[in-house]
Amino acid sequence: MALIGQDTGTAASGTTVVVTLTRTTIGGELLVGCFCNAGGNGTGVAGNVGAAWTLATNGRSNAHNICEVWFLPNAPAGLTTVTYTHGTSAAGGGNVSSWNDDLDSPGDTGANANGVSTAPASGSITPGILENLVVGVAVTNVAKTGGPTGTTTALTELNWTGTRWLLPAYIIQTAATGVNAGWTLGSSANWDAVIASFKNGQKPKTLTPYPQIVPQ
């Protein structure tokens, strides 16, 4: 499992967020979308081609923002835009990442958390198998000053309104131990965070053997 590319998109209002992919899919990738909005729960994610996406996990508490992870396994070739739809007109944003994975059902496990503090954290999950992709994301009402932690690496972060941030991160887990993505904020604020893992289904490459040299 490896990251191929990622793109982001925002919307100041309305019920959709469109992410335009700079790299058209060639077929077989796993696509993971980290989405947020200040209105209602997401109602669906779809590309310009291919099947509807699946919700891996979402989270929200009163007066906070919607924070969700969606995915599409074995993406079709020719996908250029991804549209996230939510129930109430509001600002929103999203990060869509592409991974070289070809498993038909990669969803594994997920968790969510929320609070008011300077230390948002996704909640801990333990992947079911080694080499899983784990994606954690927080939505905050102030800018971060540190993180991500929990041995995770930041994906492209997004200031989707003047006062709200989308903070996605990932790790390719090499041991069956817990992962809890965390961040540090500049001041105490509302936050919501989610985390999801995806099974590694990348097929090994077929190697062509060297030709045999037969003595004469």
# chains A, B, ... in the order shown; residues from 1 in each chain; ligands from 1
>>> select_by_dssp(residues="range 11-146 of chain A", states="strand (DSSP E or B)", output="PyMOL selection string")
chain A and resi 11+16-20+30-37+42-47+54-59+66-72+81-86+92-99+107-117+121+125+132-140+144-146
>>> residues_around(residues="Ile172 in chain A", least_positions_apart="6", cutoff="9 Å", atoms="only C-alpha atoms", output="count of residues only")
9
>>> residues_around(residues="range 82-98 of chain A", least_positions_apart="3", cutoff="9 Å", atoms="only C-alpha atoms", output="MDAnalysis selection string")
chainID A and resid 2:21 25 29:48 79 101 155:161 165:166 168
>>> closest_residue(among="A:Asn65, A:Ile195, A:Ala176, A:Gly147", to="Thr163 in chain A", atoms="only C-alpha atoms")
A:Asn65
>>> closest_residue(among="A:Thr140, A:Thr24, A:Asn58, A:Thr109", to="Trp183 in chain A", atoms="only C-alpha atoms")
A:Thr140
>>> closest_residue(among="A:Ile66, A:Ala121, A:Ala193, A:Ala52", to="Asn180 in chain A", atoms="only C-alpha atoms")
A:Ala121
>>> atom_distance(atom1="CA of Gly50 in chain A", atom2="CA of Pro76 in chain A")
5.8 Å
>>> closest_residue(among="A:Thr149, A:Ser117, A:Thr57, A:Thr80", to="Phe198 in chain A", atoms="only C-alpha atoms")
A:Thr57
>>> atom_distance(atom1="CA of Val49 in chain A", atom2="CA of Gly28 in chain A")
13.3 Å
